[in-house]
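Trainee: Sharing a structure below in C-alpha cells format, with a few things to ask.
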Amino acid sequence: QPIGAGVSLIGNLRGDWGIPLFSASALPAVDRFFAGGDVATRGFETDKLRTEIVRYDVSPAGGGAAFRVIPQGGNIRFLGTLELQFPITTLGGFQWAGALFFDAGTIFDRPLLFDLGHDVKCSVGLSLLRLLTPVGPISLEYAVPLTQSLAEQTWKQEPWYRHWPGLIHFNWGIPI
C-alpha cells in the first residue's frame with residue numbers, strides 16, 4: 001500500500017496446515033513445515049525456527065556430552081511480515097530502495113499445543129540494498145531475532161556473536 005512519496009507499506013501473511021488436519025501425531029519429516037532463513041522469518045538460520053536439542057555422548061566411555069540442534073518443523077506454520085519500503089535513488093535504471101521490516105512466525109503440531117508466549121518467534125531488520133528489477137527485488141538484508149530458543153540463547157553467548165547478533169540474508173524473488 002503506497003503511503004506517500006514512494007514509501008510503501010508491505011504486508012504478507014501465510015498459513016500452512018498439513019493433512020490430516022487434526023492428527024494427533026506429527027507428519028513424516030518430508031511433509032513437515034519449516035521456516036527461518038532468507039525468505040521465512042529472517043534473522044533465524046534456515047529451517048531453524050523450531051528446533052530440537054539432541055544430547056549424545058562424544059566418547060565411547062561416556063565421559064563427555066555434546067548437543068546438536070536439529071530443525072524440528074511441524075504440522076502447522078503461520079508466517080507474517082510487515083515492511084516499510086522507502087526509495088533511496090535510481091541506480092543503473094533500477095530503483096534502489098531500503099526497508100525496515102518485522103517478521104513473525106510459528107510452527108507447531110496441533111492447535112491445542114500452541115503457546116502464544118513460547119511458540120511465536122519474531123525478528124526485526126533493515127535492508128539498505130534493495131534493487132527493484134522487473135523480475136523482482138534483489139536485496140541484501142540484516143535481521144536480528146527478538147525471541148530465541150534455548151539452543152540459540154546458549155551458543156549466542158559467545159563473545160564473537162554478541163558483537164554481530166543477527167544474520168545477513170540475500171534474496172532475489174519474483175513478486176507473485
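Chain identifiers are assigned as A, B, and so on, following the order in which chains appear in the C-alpha cells; residues are numbered from 1 within each chain, and ligands are numbered from 1 in order of appearance.
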Could you go through chain A and tell me which residues DSSP, when run on the backbone, assigns to alpha helix (DSSP H), listing them as a count of residues only?

Mentor: 14

Trainee: Quick one: pick out all strand (DSSP E or B) residues within chain A from a backbone DSSP run and write them as a VMD selection string.

Mentor: chain A and resid 2 to 4 7 to 17 33 51 to 57 65 to 71 74 76 to 91 94 to 108 121 to 133 136 to 145 167 to 172

Trainee: Using only C-alpha atoms, find each residue in range 53-148 of chain A having at least one atom no more than 8 Å away from range 1-8 of chain A; report its shortest atom-to-atom pair and that distance in Å (one decimal), rows by chain then rising number, as a tab-separated table.

Mentor:
```
residue	atom	partner	partner_atom	distance
A:Leu84	CA	A:Ser8	CA	5.8
A:Gln85	CA	A:Ser8	CA	5.2
A:Phe86	CA	A:Val7	CA	4.5
A:Pro87	CA	A:Gly6	CA	5.9
```

Trainee: Residues at most 10 Å from Phe102 in chain A, counting only C-alpha atoms, excluding those fewer than 2 positions away in the same chain, as an NGL selection string?

Mentor: :A and (11 or 41-42 or 80-84 or 100 or 104 or 122-126 or 143-146)

Trainee: Limited to N, CA, C and O atoms, could you put the picked residues into a file as a PDB file, in the first residue's frame?

Mentor:
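As a result, out.pdb now contains:
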```pdb
ATOM      1  N   GLY A  11       2.657  -5.830   3.491  1.00  0.00           N
ATOM      2  CA  GLY A  11       2.307  -6.854   4.466  1.00  0.00           C
ATOM      3  C   GLY A  11       2.118  -8.193   3.783  1.00  0.00           C
ATOM      4  O   GLY A  11       1.701  -8.263   2.633  1.00  0.00           O
ATOM      5  N   THR A  41      10.871 -15.665   8.022  1.00  0.00           N
ATOM      6  CA  THR A  41      11.310 -15.209   9.335  1.00  0.00           C
ATOM      7  C   THR A  41      12.821 -14.995   9.348  1.00  0.00           C
ATOM      8  O   THR A  41      13.588 -15.768   9.907  1.00  0.00           O
ATOM      9  N   ARG A  42      13.217 -13.934   8.688  1.00  0.00           N
ATOM     10  CA  ARG A  42      14.628 -13.553   8.604  1.00  0.00           C
ATOM     11  C   ARG A  42      15.194 -13.309   9.999  1.00  0.00           C
ATOM     12  O   ARG A  42      14.477 -12.942  10.907  1.00  0.00           O
ATOM     13  N   GLY A  80       4.302 -14.137   9.068  1.00  0.00           N
ATOM     14  CA  GLY A  80       3.844 -12.798   8.738  1.00  0.00           C
ATOM     15  C   GLY A  80       5.017 -11.840   8.621  1.00  0.00           C
ATOM     16  O   GLY A  80       6.036 -12.000   9.300  1.00  0.00           O
ATOM     17  N   THR A  81       4.871 -10.873   7.727  1.00  0.00           N
ATOM     18  CA  THR A  81       5.898  -9.857   7.514  1.00  0.00           C
ATOM     19  C   THR A  81       5.225  -8.505   7.350  1.00  0.00           C
ATOM     20  O   THR A  81       4.190  -8.395   6.694  1.00  0.00           O
ATOM     21  N   LEU A  82       5.819  -7.489   7.934  1.00  0.00           N
ATOM     22  CA  LEU A  82       5.381  -6.117   7.740  1.00  0.00           C
ATOM     23  C   LEU A  82       6.627  -5.298   7.402  1.00  0.00           C
ATOM     24  O   LEU A  82       7.596  -5.322   8.162  1.00  0.00           O
ATOM     25  N   GLU A  83       6.605  -4.629   6.239  1.00  0.00           N
ATOM     26  CA  GLU A  83       7.775  -3.866   5.772  1.00  0.00           C
ATOM     27  C   GLU A  83       7.382  -2.436   5.454  1.00  0.00           C
ATOM     28  O   GLU A  83       6.299  -2.186   4.927  1.00  0.00           O
ATOM     29  N   LEU A  84       8.277  -1.524   5.741  1.00  0.00           N
ATOM     30  CA  LEU A  84       8.160  -0.143   5.313  1.00  0.00           C
ATOM     31  C   LEU A  84       9.285   0.081   4.311  1.00  0.00           C
ATOM     32  O   LEU A  84      10.460   0.125   4.698  1.00  0.00           O
ATOM     33  N   LEU A 100      12.607  -1.217   6.308  1.00  0.00           N
ATOM     34  CA  LEU A 100      12.613  -1.652   7.695  1.00  0.00           C
ATOM     35  C   LEU A 100      11.550  -2.735   7.772  1.00  0.00           C
ATOM     36  O   LEU A 100      10.467  -2.579   7.200  1.00  0.00           O
ATOM     37  N   ALA A 104       7.397 -12.326  11.854  1.00  0.00           N
ATOM     38  CA  ALA A 104       6.944 -13.199  12.945  1.00  0.00           C
ATOM     39  C   ALA A 104       6.550 -14.537  12.338  1.00  0.00           C
ATOM     40  O   ALA A 104       6.052 -14.598  11.220  1.00  0.00           O
ATOM     41  N   CYS A 122       9.971 -13.803  16.656  1.00  0.00           N
ATOM     42  CA  CYS A 122       9.933 -12.516  15.960  1.00  0.00           C
ATOM     43  C   CYS A 122      11.340 -12.017  15.664  1.00  0.00           C
ATOM     44  O   CYS A 122      12.291 -12.353  16.372  1.00  0.00           O
ATOM     45  N   SER A 123      11.442 -11.188  14.624  1.00  0.00           N
ATOM     46  CA  SER A 123      12.719 -10.557  14.294  1.00  0.00           C
ATOM     47  C   SER A 123      12.449  -9.200  13.661  1.00  0.00           C
ATOM     48  O   SER A 123      11.359  -8.944  13.145  1.00  0.00           O
ATOM     49  N   VAL A 124      13.444  -8.330  13.723  1.00  0.00           N
ATOM     50  CA  VAL A 124      13.387  -7.030  13.068  1.00  0.00           C
ATOM     51  C   VAL A 124      14.626  -6.892  12.204  1.00  0.00           C
ATOM     52  O   VAL A 124      15.653  -7.525  12.466  1.00  0.00           O
ATOM     53  N   GLY A 125      14.518  -6.054  11.167  1.00  0.00           N
ATOM     54  CA  GLY A 125      15.676  -5.915  10.305  1.00  0.00           C
ATOM     55  C   GLY A 125      15.631  -4.688   9.431  1.00  0.00           C
ATOM     56  O   GLY A 125      14.673  -3.904   9.452  1.00  0.00           O
ATOM     57  N   LEU A 126      16.692  -4.581   8.651  1.00  0.00           N
ATOM     58  CA  LEU A 126      16.928  -3.431   7.797  1.00  0.00           C
ATOM     59  C   LEU A 126      17.522  -3.898   6.479  1.00  0.00           C
ATOM     60  O   LEU A 126      18.380  -4.778   6.451  1.00  0.00           O
ATOM     61  N   ALA A 143      18.940  -9.003   9.725  1.00  0.00           N
ATOM     62  CA  ALA A 143      17.840  -9.188  10.675  1.00  0.00           C
ATOM     63  C   ALA A 143      18.365  -9.728  11.998  1.00  0.00           C
ATOM     64  O   ALA A 143      19.291 -10.532  12.033  1.00  0.00           O
ATOM     65  N   VAL A 144      17.732  -9.281  13.065  1.00  0.00           N
ATOM     66  CA  VAL A 144      18.086  -9.700  14.416  1.00  0.00           C
ATOM     67  C   VAL A 144      16.860 -10.354  15.050  1.00  0.00           C
ATOM     68  O   VAL A 144      15.785  -9.758  15.092  1.00  0.00           O
ATOM     69  N   PRO A 145      16.994 -11.592  15.541  1.00  0.00           N
ATOM     70  CA  PRO A 145      15.857 -12.226  16.217  1.00  0.00           C
ATOM     71  C   PRO A 145      15.560 -11.556  17.553  1.00  0.00           C
ATOM     72  O   PRO A 145      16.475 -11.221  18.300  1.00  0.00           O
ATOM     73  N   LEU A 146      14.282 -11.346  17.833  1.00  0.00           N
ATOM     74  CA  LEU A 146      13.870 -10.773  19.117  1.00  0.00           C
ATOM     75  C   LEU A 146      13.576 -11.865  20.134  1.00  0.00           C
ATOM     76  O   LEU A 146      13.669 -11.644  21.334  1.00  0.00           O
TER      77      LEU A 146
END
```

Trainee: Contacts of Thr90 in chain A at 12 Å or less, counting only C-alpha atoms, minus same-chain residues fewer than 2 places along, as a list in words?

Mentor: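 Listing them by chain and then by number gives Pro87, Ile88, Gly92, Gly93, Phe94, Gln95, Trp96, Ala97, Gly98, Leu129, Arg130, Leu131, Leu132 and Thr133 of chain A.
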
Trainee: Could you write out the selected residues, including C-alpha atoms, as a tab-separated table (two decimals), in the first residue's frame?

Mentor:
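Saved file selection-v4.tsv follows:
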```
chain	number	residue	atom	x	y	z
A	87	PRO	CA	13.18	4.98	-2.08
A	88	ILE	CA	16.88	5.80	-1.93
A	92	GLY	CA	21.61	1.73	-13.45
A	93	GLY	CA	17.99	2.23	-14.48
A	94	PHE	CA	16.64	0.36	-11.45
A	95	GLN	CA	15.12	1.92	-8.38
A	96	TRP	CA	17.27	1.43	-5.28
A	97	ALA	CA	15.16	1.17	-2.15
A	98	GLY	CA	15.60	0.45	1.52
A	129	LEU	CA	20.42	-2.52	-0.62
A	130	ARG	CA	17.24	-3.49	-2.47
A	131	LEU	CA	17.20	-3.14	-6.25
A	132	LEU	CA	13.68	-3.22	-7.68
A	133	THR	CA	14.02	-5.03	-11.03
```

Trainee: Can you tell me which residues surround range 44-48 of chain A at a distance of at most 8 Å, considering only C-alpha atoms, apart from same-chain residues fewer than 4 positions away, and format the answer as a ChimeraX atom specification?

Mentor: /A:34-38,70-73,144-145,166-167
